[in-house]
Every structure is written in structure tokens, then in C-alpha cells.
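Text of work.cif, listed as mmCIF, C-alpha atoms:
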```
data_target
loop_
_atom_site.group_PDB
_atom_site.id
_atom_site.type_symbol
_atom_site.label_atom_id
_atom_site.label_comp_id
_atom_site.auth_asym_id
_atom_site.auth_seq_id
_atom_site.Cartn_x
_atom_site.Cartn_y
_atom_site.Cartn_z
ATOM 1 C CA MET N 1 13.968 -27.058 -6.407
ATOM 2 C CA SER N 2 13.385 -25.685 -9.909
ATOM 3 C CA ILE N 3 11.089 -22.767 -10.655
ATOM 4 C CA TYR N 4 8.590 -25.140 -12.243
ATOM 5 C CA GLN N 5 8.658 -27.441 -9.211
ATOM 6 C CA ARG N 6 8.022 -24.411 -6.961
ATOM 7 C CA LEU N 7 5.058 -23.365 -9.099
ATOM 8 C CA GLN N 8 3.660 -26.888 -8.930
ATOM 9 C CA ALA N 9 4.162 -27.037 -5.146
ATOM 10 C CA MET N 10 2.307 -23.707 -4.865
ATOM 11 C CA ASP N 11 -0.553 -25.079 -7.045
ATOM 12 C CA ILE N 12 0.087 -22.365 -9.642
ATOM 13 C CA VAL N 13 -0.807 -23.168 -13.227
ATOM 14 C CA LEU N 14 0.291 -20.465 -15.628
ATOM 15 C CA PRO N 15 -2.642 -19.167 -17.678
ATOM 16 C CA PRO N 16 -2.483 -18.365 -21.396
ATOM 17 C CA ILE N 17 -0.892 -15.010 -22.187
ATOM 18 C CA ILE N 18 -3.372 -12.125 -22.190
ATOM 19 C CA THR N 19 -3.876 -10.497 -25.582
ATOM 20 C CA PRO N 20 -3.300 -6.719 -25.432
ATOM 21 C CA ALA N 21 -6.497 -4.672 -25.446
ATOM 22 C CA ALA N 22 -4.911 -1.793 -27.382
ATOM 23 C CA SER N 23 -1.982 -0.943 -29.672
ATOM 24 C CA TYR N 24 1.046 -2.231 -27.762
ATOM 25 C CA ALA N 25 3.166 -5.353 -27.377
ATOM 26 C CA PRO N 26 2.775 -7.498 -24.245
ATOM 27 C CA TYR N 27 6.571 -7.457 -23.856
ATOM 28 C CA LEU N 28 9.683 -6.089 -25.502
ATOM 29 C CA ARG N 29 13.232 -7.322 -25.234
ATOM 30 C CA THR N 30 16.149 -4.898 -25.441
ATOM 31 C CA GLY N 31 19.454 -6.734 -25.043
ATOM 32 C CA GLN N 32 19.205 -8.799 -21.871
ATOM 33 C CA THR N 33 16.358 -6.714 -20.469
ATOM 34 C CA LEU N 34 12.739 -7.766 -20.821
ATOM 35 C CA HIS N 35 10.053 -5.094 -20.333
ATOM 36 C CA LEU N 36 6.520 -6.359 -19.692
ATOM 37 C CA SER N 37 3.645 -4.008 -20.405
ATOM 38 C CA GLY N 38 1.153 -3.281 -17.668
ATOM 39 C CA HIS N 39 -1.030 -6.259 -16.790
ATOM 40 C CA LEU N 40 -4.479 -5.583 -15.351
ATOM 41 C CA ALA N 41 -5.725 -7.665 -12.442
ATOM 42 C CA ARG N 42 -8.035 -10.475 -13.564
ATOM 43 C CA ARG N 43 -10.396 -12.767 -11.713
ATOM 44 C CA ASN N 44 -12.251 -15.662 -13.342
ATOM 45 C CA GLY N 45 -11.070 -14.520 -16.774
ATOM 46 C CA ALA N 46 -12.464 -10.982 -16.464
ATOM 47 C CA VAL N 47 -10.895 -7.702 -15.379
ATOM 48 C CA TRP N 48 -10.968 -7.403 -11.561
ATOM 49 C CA THR N 49 -12.697 -4.071 -11.070
ATOM 50 C CA GLY N 50 -13.082 -1.696 -8.166
ATOM 51 C CA ARG N 51 -11.159 0.747 -6.011
ATOM 52 C CA LEU N 52 -9.233 0.111 -2.835
ATOM 53 C CA GLY N 53 -10.786 1.846 0.127
ATOM 54 C CA ASP N 54 -14.172 1.878 -1.597
ATOM 55 C CA ASP N 55 -15.487 -1.509 -2.737
ATOM 56 C CA ILE N 56 -12.233 -3.482 -2.341
ATOM 57 C CA ALA N 57 -10.514 -4.148 0.989
ATOM 58 C CA LEU N 58 -6.766 -4.446 1.497
ATOM 59 C CA GLU N 59 -6.609 -8.273 1.509
ATOM 60 C CA GLU N 60 -8.635 -8.500 -1.691
ATOM 61 C CA GLY N 61 -6.277 -5.951 -3.252
ATOM 62 C CA ARG N 62 -3.297 -8.097 -2.231
ATOM 63 C CA SER N 63 -4.999 -11.070 -3.875
ATOM 64 C CA ALA N 64 -5.541 -9.023 -7.038
ATOM 65 C CA ALA N 65 -1.838 -8.093 -7.100
ATOM 66 C CA ARG N 66 -0.876 -11.742 -6.602
ATOM 67 C CA ALA N 67 -3.179 -12.827 -9.443
ATOM 68 C CA THR N 68 -1.605 -10.167 -11.651
ATOM 69 C CA ALA N 69 1.856 -11.492 -10.765
ATOM 70 C CA ILE N 70 0.787 -14.944 -11.961
ATOM 71 C CA ASP N 71 -0.280 -13.426 -15.292
ATOM 72 C CA LEU N 72 3.109 -11.676 -15.463
ATOM 73 C CA LEU N 73 4.804 -15.047 -14.909
ATOM 74 C CA ALA N 74 2.812 -16.448 -17.837
ATOM 75 C CA THR N 75 4.026 -13.587 -20.026
ATOM 76 C CA LEU N 76 7.618 -14.155 -18.857
ATOM 77 C CA GLN N 77 7.222 -17.836 -19.786
ATOM 78 C CA HIS N 78 5.866 -16.886 -23.216
ATOM 79 C CA ALA N 79 8.630 -14.330 -23.826
ATOM 80 C CA THR N 80 11.509 -16.582 -22.769
ATOM 81 C CA GLY N 81 10.272 -20.132 -23.306
ATOM 82 C CA ASN N 82 11.905 -21.013 -19.981
ATOM 83 C CA LEU N 83 11.573 -19.224 -16.651
ATOM 84 C CA ASP N 84 15.021 -20.543 -15.713
ATOM 85 C CA SER N 85 16.439 -17.991 -18.184
ATOM 86 C CA ILE N 86 15.429 -15.168 -15.824
ATOM 87 C CA ALA N 87 18.534 -13.779 -14.103
ATOM 88 C CA ARG N 88 16.609 -11.316 -11.933
ATOM 89 C CA ILE N 89 13.243 -9.696 -11.459
ATOM 90 C CA ALA N 90 14.529 -6.110 -11.580
ATOM 91 C CA LYS N 91 11.538 -3.846 -10.995
ATOM 92 C CA LEU N 92 7.788 -3.798 -10.479
ATOM 93 C CA THR N 93 5.634 -0.744 -10.957
ATOM 94 C CA VAL N 94 2.318 -1.263 -9.181
ATOM 95 C CA MET N 95 -0.627 1.054 -9.765
ATOM 96 C CA VAL N 96 -3.562 0.723 -7.392
ATOM 97 C CA ALA N 97 -6.956 2.268 -8.161
ATOM 98 C CA SER N 98 -7.868 3.774 -4.817
ATOM 99 C CA VAL N 99 -9.798 6.500 -3.050
ATOM 100 C CA PRO N 100 -7.873 9.603 -1.897
ATOM 101 C CA ASN N 101 -7.729 8.524 1.755
ATOM 102 C CA PHE N 102 -6.338 5.019 1.037
ATOM 103 C CA PHE N 103 -2.627 4.990 1.900
ATOM 104 C CA GLU N 104 -1.708 1.297 1.786
ATOM 105 C CA GLN N 105 -0.789 0.855 -1.884
ATOM 106 C CA HIS N 106 2.561 -0.578 -0.776
ATOM 107 C CA LEU N 107 0.756 -3.335 1.125
ATOM 108 C CA VAL N 108 -1.384 -4.159 -1.923
ATOM 109 C CA ALA N 109 1.823 -4.385 -3.988
ATOM 110 C CA ASN N 110 3.226 -6.910 -1.503
ATOM 111 C CA GLY N 111 0.806 -9.456 -2.969
ATOM 112 C CA ALA N 112 2.917 -9.450 -6.149
ATOM 113 C CA SER N 113 6.322 -8.864 -4.558
ATOM 114 C CA GLU N 114 5.947 -11.760 -2.146
ATOM 115 C CA LEU N 115 4.948 -14.127 -4.950
ATOM 116 C CA PHE N 116 8.039 -13.244 -6.988
ATOM 117 C CA GLY N 117 10.150 -13.776 -3.865
ATOM 118 C CA GLU N 118 8.662 -17.257 -3.417
ATOM 119 C CA VAL N 119 8.985 -18.277 -7.071
ATOM 120 C CA PHE N 120 12.494 -16.822 -7.547
ATOM 121 C CA PRO N 121 14.063 -16.964 -4.047
ATOM 122 C CA ASP N 122 17.471 -15.572 -5.094
ATOM 123 C CA LYS N 123 16.361 -13.676 -8.199
ATOM 124 C CA GLY N 124 13.018 -12.282 -7.051
ATOM 125 C CA PRO N 125 13.854 -9.410 -4.675
ATOM 126 C CA HIS N 126 13.360 -6.301 -6.786
ATOM 127 C CA ALA N 127 13.090 -2.543 -6.867
ATOM 128 C CA ARG N 128 9.493 -1.339 -6.772
ATOM 129 C CA SER N 129 7.219 1.640 -7.068
ATOM 130 C CA ALA N 130 3.660 1.507 -5.767
ATOM 131 C CA PHE N 131 1.211 4.356 -6.030
ATOM 132 C CA GLY N 132 -2.464 5.145 -6.018
ATOM 133 C CA VAL N 133 -4.317 6.332 -9.081
ATOM 134 C CA VAL N 134 -7.842 7.627 -9.564
ATOM 135 C CA GLN N 135 -8.624 5.067 -12.261
ATOM 136 C CA LEU N 136 -7.087 2.369 -14.425
ATOM 137 C CA PRO N 137 -8.145 1.062 -17.846
ATOM 138 C CA LEU N 138 -11.374 -0.963 -17.840
ATOM 139 C CA ARG N 139 -11.936 0.001 -14.174
ATOM 140 C CA ALA N 140 -9.224 -2.467 -13.063
ATOM 141 C CA CYS N 141 -8.238 -2.332 -9.401
ATOM 142 C CA VAL N 142 -4.529 -3.078 -9.992
ATOM 143 C CA GLU N 143 -2.087 -2.798 -12.890
ATOM 144 C CA ILE N 144 1.515 -4.003 -12.737
ATOM 145 C CA GLU N 145 4.482 -3.492 -15.069
ATOM 146 C CA LEU N 146 7.613 -5.625 -14.761
ATOM 147 C CA ILE N 147 11.240 -5.401 -15.848
ATOM 148 C CA ALA N 148 13.362 -8.560 -15.793
ATOM 149 C CA GLU N 149 16.981 -9.263 -16.604
ATOM 150 C CA LEU N 150 17.701 -12.332 -18.706
ATOM 151 C CA ALA N 151 20.672 -14.616 -18.181
ATOM 152 C CA GLN N 152 23.525 -14.212 -20.624
ATOM 153 C CA PRO N 153 23.493 -16.885 -23.337
ATOM 154 C CA GLY N 154 25.449 -19.904 -22.136
ATOM 155 C CA ALA N 155 25.377 -18.757 -18.510
ATOM 156 C CA ALA N 156 24.630 -21.431 -15.956
#
```
Could I get this structure in the form of C-alpha cells?
Amino acid sequence: MSIYQRLQAMDIVLPPIITPAASYAPYLRTGQTLHLSGHLARRNGAVWTGRLGDDIALEEGRSAARATAIDLLATLQHATGNLDSIARIAKLTVMVASVPNFFEQHLVANGASELFGEVFPDKGPHARSAFGVVQLPLRACVEIELIAELAQPGAA
């Protein structure tokens, strides 16, 4: 099953790429490595705001991370023109806006990690960092950065 068939089977439609809110590029390619800038969680077209352990529960945080992963997929599609050119999802850095006594950032991050594992079964397992922060831009609840490796030109 192709990546696009998996997305269709999962009822995932890739949204338009999000325009950066400040002075940075949404992605940058260096050789065969693609670095995606931090993507803020979005819901219904707006930034998904709140803090885990305060006004957002764990399952909602997982959903926010999953939604962010879908936006990252859209940026990967835009950057490559073809998700089949991804050789590996190398690393996710997941920042979770949370209160000091919330210690389940890693479980929030699973919302994104599990999606990449489903979309890219052999190429999706990745290194990851997940940590809590006091605040994120625009009061977002989750922000995720991604590093991907691209297939060598002509590689099957």
C-alpha cells in the first residue's frame, strides 16, 4: 500500500501548508536532510491553545500532537512534491505547554509518533525528544519540529 493510499484509508486529507508567522522558512533542505520548522498545533484553522494539566487533558493533547503531525506531513509533501521520496522520518522534537506538575509530555508526543509510524511503517520510527515548556508562541499547546532524510536521487 502506498503512502497516499494509507492516508486515504485513514481519512487524512493534507491541508494547505501553513504560512510562517515570523521571519523563518517552513523548511530547509541541506543535502538529503530536510529540516521542518516548528509547527504549532491547530484546530479548525486556528492555533490550538491551552496548557496540559490545566485546561487540556492528556487525550486532547495527544489529538493536538496528531493534528500537528498531519500539518507536518503537508509541509513534507510541499517540500518534496512526493511523500514517497522520504527515506526516513529521523527525529521529532515535541514541545508541550504544560503546568509544572504535568509529567506526561512523552505520552502527548505519542500522538504524532504513532501517526508517523502508521503512515510510514518502515520509515516512520524515529528518534524523539519531548519536553514541557511554560509557554509556546500564540499560546499553542503543542509545537513539533521534524527532521527527515530524503531518498537518494534514482533510489528505488
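Closest approach to Cys141 of chain N among N:Arg6, N:Arg51, N:Arg62, N:His106: N:Arg51, based on only C-alpha atoms.
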Contacts of Tyr4 of chain N at 9 Å or less, counting all atoms listed in the file, minus same-chain residues fewer than 5 places along, as an mmCIF file with C-alpha atoms, in the frame of the given file?
```cif
data_model
loop_
_atom_site.group_PDB
_atom_site.id
_atom_site.type_symbol
_atom_site.label_atom_id
_atom_site.label_comp_id
_atom_site.auth_asym_id
_atom_site.auth_seq_id
_atom_site.Cartn_x
_atom_site.Cartn_y
_atom_site.Cartn_z
ATOM 1 C CA ALA N 9 4.162 -27.037 -5.146
ATOM 2 C CA LEU N 83 11.573 -19.224 -16.651
ATOM 3 C CA ASP N 84 15.021 -20.543 -15.713
ATOM 4 C CA VAL N 119 8.985 -18.277 -7.071
#
```
Atom CA of Pro15 of chain N sits from atom CA of Ile70 of chain N at a separation of 7.9 Å
For the structure provided, state which residues fall under the PyMOL selection byres ((chain N and resi 145) around 7), and present them as an NGL selection string.
-> :N and (36-39 or 92-94 or 143-144 or 146)
Save out the residues we just selected, C-alpha atoms, as a compact mmCIF listing (two decimals), in the coordinates of the input.
```
# COMPACT_ATOMS: atom_id res chain seq x y z
CA LEU N 36 6.52 -6.36 -19.69
CA SER N 37 3.64 -4.01 -20.40
CA GLY N 38 1.15 -3.28 -17.67
CA HIS N 39 -1.03 -6.26 -16.79
CA LEU N 92 7.79 -3.80 -10.48
CA THR N 93 5.63 -0.74 -10.96
CA VAL N 94 2.32 -1.26 -9.18
CA GLU N 143 -2.09 -2.80 -12.89
CA ILE N 144 1.52 -4.00 -12.74
CA LEU N 146 7.61 -5.62 -14.76
```
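Residue nearest Lys123 of chain N, chosen from N:Phe103, N:Ile3, N:Ala109, N:Leu72 and counting only C-alpha atoms: N:Ile3.
Using only C-alpha atoms, the smallest distance between any of N:Ala151, N:Ala22, N:Ile17, N:Ala69 and Gly117 of chain N comes from N:Ala69.
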Evaluate the PyMOL selection byres ((chain N and resi 96) around 10) and record the selected residues as number ranges by chain, following the chain and residue labels used in the document.
-> N: 50-52, 61, 64-65, 93-95, 97-99, 102, 104-106, 108-109, 130-136, 140-144
Taking the file as shown, what set of residues would the PyMOL selection byres ((chain N and resi 125) around 12) give back, as a list in words?
-> Ala87, Arg88, Ile89, Ala90, Lys91, Leu92, Asn110, Ala112, Ser113, Glu114, Leu115, Phe116, Gly117, Glu118, Val119, Phe120, Pro121, Asp122, Lys123, Gly124, His126, Ala127, Arg128 and Ala148 of chain N
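Proximity of N:Leu40, N:Leu73, N:Val47, N:Leu34 to Val13 of chain N, computed with all atoms listed in the file, is greatest for N:Leu73.
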To one decimal in Å, tell me the separation between atom CA of Ala74 of chain N and atom CA of Tyr27 of chain N.
->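 Separation of atom CA of Ala74 of chain N and atom CA of Tyr27 of chain N: 11.5 Å.
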Missing atoms of segment 23-46 of chain N rebuilt to N, CA, C and O atoms, written as a PDB file, in the frame of the given file:
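Once written, rebuild-v6.pdb looks like this:
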```pdb
ATOM      1  N   SER N  23      -3.117  -0.896 -28.745  1.00  0.00           N
ATOM      2  CA  SER N  23      -1.982  -0.943 -29.672  1.00  0.00           C
ATOM      3  C   SER N  23      -0.646  -0.935 -28.930  1.00  0.00           C
ATOM      4  O   SER N  23       0.010   0.105 -28.812  1.00  0.00           O
ATOM      5  N   TYR N  24      -0.249  -2.078 -28.419  1.00  0.00           N
ATOM      6  CA  TYR N  24       1.046  -2.231 -27.762  1.00  0.00           C
ATOM      7  C   TYR N  24       1.415  -3.705 -27.744  1.00  0.00           C
ATOM      8  O   TYR N  24       0.571  -4.577 -27.946  1.00  0.00           O
ATOM      9  N   ALA N  25       2.682  -3.979 -27.491  1.00  0.00           N
ATOM     10  CA  ALA N  25       3.166  -5.353 -27.377  1.00  0.00           C
ATOM     11  C   ALA N  25       3.105  -5.783 -25.911  1.00  0.00           C
ATOM     12  O   ALA N  25       3.330  -4.959 -25.023  1.00  0.00           O
ATOM     13  N   PRO N  26       2.822  -7.045 -25.636  1.00  0.00           N
ATOM     14  CA  PRO N  26       2.775  -7.498 -24.245  1.00  0.00           C
ATOM     15  C   PRO N  26       4.154  -7.464 -23.576  1.00  0.00           C
ATOM     16  O   PRO N  26       4.255  -7.346 -22.365  1.00  0.00           O
ATOM     17  N   TYR N  27       5.211  -7.533 -24.381  1.00  0.00           N
ATOM     18  CA  TYR N  27       6.571  -7.457 -23.856  1.00  0.00           C
ATOM     19  C   TYR N  27       7.505  -7.024 -24.969  1.00  0.00           C
ATOM     20  O   TYR N  27       7.186  -7.133 -26.155  1.00  0.00           O
ATOM     21  N   LEU N  28       8.668  -6.525 -24.554  1.00  0.00           N
ATOM     22  CA  LEU N  28       9.683  -6.089 -25.502  1.00  0.00           C
ATOM     23  C   LEU N  28      11.044  -6.386 -24.900  1.00  0.00           C
ATOM     24  O   LEU N  28      11.302  -6.041 -23.737  1.00  0.00           O
ATOM     25  N   ARG N  29      11.872  -7.016 -25.687  1.00  0.00           N
ATOM     26  CA  ARG N  29      13.232  -7.322 -25.234  1.00  0.00           C
ATOM     27  C   ARG N  29      14.200  -6.321 -25.835  1.00  0.00           C
ATOM     28  O   ARG N  29      14.164  -6.051 -27.036  1.00  0.00           O
ATOM     29  N   THR N  30      15.061  -5.757 -24.988  1.00  0.00           N
ATOM     30  CA  THR N  30      16.149  -4.898 -25.441  1.00  0.00           C
ATOM     31  C   THR N  30      17.420  -5.446 -24.801  1.00  0.00           C
ATOM     32  O   THR N  30      17.595  -5.345 -23.587  1.00  0.00           O
ATOM     33  N   GLY N  31      18.263  -6.084 -25.591  1.00  0.00           N
ATOM     34  CA  GLY N  31      19.454  -6.734 -25.043  1.00  0.00           C
ATOM     35  C   GLY N  31      19.042  -7.841 -24.102  1.00  0.00           C
ATOM     36  O   GLY N  31      18.255  -8.712 -24.457  1.00  0.00           O
ATOM     37  N   GLN N  32      19.533  -7.782 -22.875  1.00  0.00           N
ATOM     38  CA  GLN N  32      19.205  -8.799 -21.871  1.00  0.00           C
ATOM     39  C   GLN N  32      18.117  -8.326 -20.920  1.00  0.00           C
ATOM     40  O   GLN N  32      17.907  -8.919 -19.870  1.00  0.00           O
ATOM     41  N   THR N  33      17.427  -7.253 -21.302  1.00  0.00           N
ATOM     42  CA  THR N  33      16.358  -6.714 -20.469  1.00  0.00           C
ATOM     43  C   THR N  33      15.015  -6.993 -21.136  1.00  0.00           C
ATOM     44  O   THR N  33      14.844  -6.759 -22.327  1.00  0.00           O
ATOM     45  N   LEU N  34      14.081  -7.479 -20.332  1.00  0.00           N
ATOM     46  CA  LEU N  34      12.739  -7.766 -20.821  1.00  0.00           C
ATOM     47  C   LEU N  34      11.761  -6.840 -20.100  1.00  0.00           C
ATOM     48  O   LEU N  34      11.702  -6.833 -18.871  1.00  0.00           O
ATOM     49  N   HIS N  35      11.044  -6.032 -20.871  1.00  0.00           N
ATOM     50  CA  HIS N  35      10.053  -5.094 -20.333  1.00  0.00           C
ATOM     51  C   HIS N  35       8.668  -5.683 -20.597  1.00  0.00           C
ATOM     52  O   HIS N  35       8.322  -5.950 -21.748  1.00  0.00           O
ATOM     53  N   LEU N  36       7.891  -5.884 -19.547  1.00  0.00           N
ATOM     54  CA  LEU N  36       6.520  -6.359 -19.692  1.00  0.00           C
ATOM     55  C   LEU N  36       5.569  -5.189 -19.530  1.00  0.00           C
ATOM     56  O   LEU N  36       5.680  -4.427 -18.563  1.00  0.00           O
ATOM     57  N   SER N  37       4.660  -5.050 -20.472  1.00  0.00           N
ATOM     58  CA  SER N  37       3.645  -4.008 -20.405  1.00  0.00           C
ATOM     59  C   SER N  37       2.766  -4.224 -19.188  1.00  0.00           C
ATOM     60  O   SER N  37       2.723  -5.321 -18.623  1.00  0.00           O
ATOM     61  N   GLY N  38       2.047  -3.186 -18.806  1.00  0.00           N
ATOM     62  CA  GLY N  38       1.153  -3.281 -17.668  1.00  0.00           C
ATOM     63  C   GLY N  38       0.128  -4.383 -17.853  1.00  0.00           C
ATOM     64  O   GLY N  38      -0.482  -4.509 -18.910  1.00  0.00           O
ATOM     65  N   HIS N  39      -0.035  -5.187 -16.823  1.00  0.00           N
ATOM     66  CA  HIS N  39      -1.030  -6.259 -16.790  1.00  0.00           C
ATOM     67  C   HIS N  39      -2.116  -5.849 -15.795  1.00  0.00           C
ATOM     68  O   HIS N  39      -1.809  -5.495 -14.650  1.00  0.00           O
ATOM     69  N   LEU N  40      -3.354  -5.892 -16.231  1.00  0.00           N
ATOM     70  CA  LEU N  40      -4.479  -5.583 -15.351  1.00  0.00           C
ATOM     71  C   LEU N  40      -4.840  -6.807 -14.525  1.00  0.00           C
ATOM     72  O   LEU N  40      -4.740  -7.950 -14.998  1.00  0.00           O
ATOM     73  N   ALA N  41      -5.268  -6.570 -13.296  1.00  0.00           N
ATOM     74  CA  ALA N  41      -5.725  -7.665 -12.442  1.00  0.00           C
ATOM     75  C   ALA N  41      -6.924  -8.344 -13.093  1.00  0.00           C
ATOM     76  O   ALA N  41      -7.801  -7.687 -13.654  1.00  0.00           O
ATOM     77  N   ARG N  42      -6.932  -9.685 -13.014  1.00  0.00           N
ATOM     78  CA  ARG N  42      -8.035 -10.475 -13.564  1.00  0.00           C
ATOM     79  C   ARG N  42      -8.486 -11.490 -12.524  1.00  0.00           C
ATOM     80  O   ARG N  42      -7.690 -12.023 -11.766  1.00  0.00           O
ATOM     81  N   ARG N  43      -9.800 -11.749 -12.585  1.00  0.00           N
ATOM     82  CA  ARG N  43     -10.396 -12.767 -11.713  1.00  0.00           C
ATOM     83  C   ARG N  43     -11.425 -13.508 -12.548  1.00  0.00           C
ATOM     84  O   ARG N  43     -12.278 -12.889 -13.182  1.00  0.00           O
ATOM     85  N   ASN N  44     -11.325 -14.831 -12.564  1.00  0.00           N
ATOM     86  CA  ASN N  44     -12.251 -15.662 -13.342  1.00  0.00           C
ATOM     87  C   ASN N  44     -12.305 -15.241 -14.804  1.00  0.00           C
ATOM     88  O   ASN N  44     -13.373 -15.221 -15.417  1.00  0.00           O
ATOM     89  N   GLY N  45     -11.156 -14.863 -15.359  1.00  0.00           N
ATOM     90  CA  GLY N  45     -11.070 -14.520 -16.774  1.00  0.00           C
ATOM     91  C   GLY N  45     -11.501 -13.113 -17.141  1.00  0.00           C
ATOM     92  O   GLY N  45     -11.392 -12.714 -18.298  1.00  0.00           O
ATOM     93  N   ALA N  46     -12.000 -12.351 -16.185  1.00  0.00           N
ATOM     94  CA  ALA N  46     -12.464 -10.982 -16.464  1.00  0.00           C
ATOM     95  C   ALA N  46     -11.620  -9.983 -15.663  1.00  0.00           C
ATOM     96  O   ALA N  46     -10.995 -10.342 -14.662  1.00  0.00           O
TER      97      ALA N  46
END
```
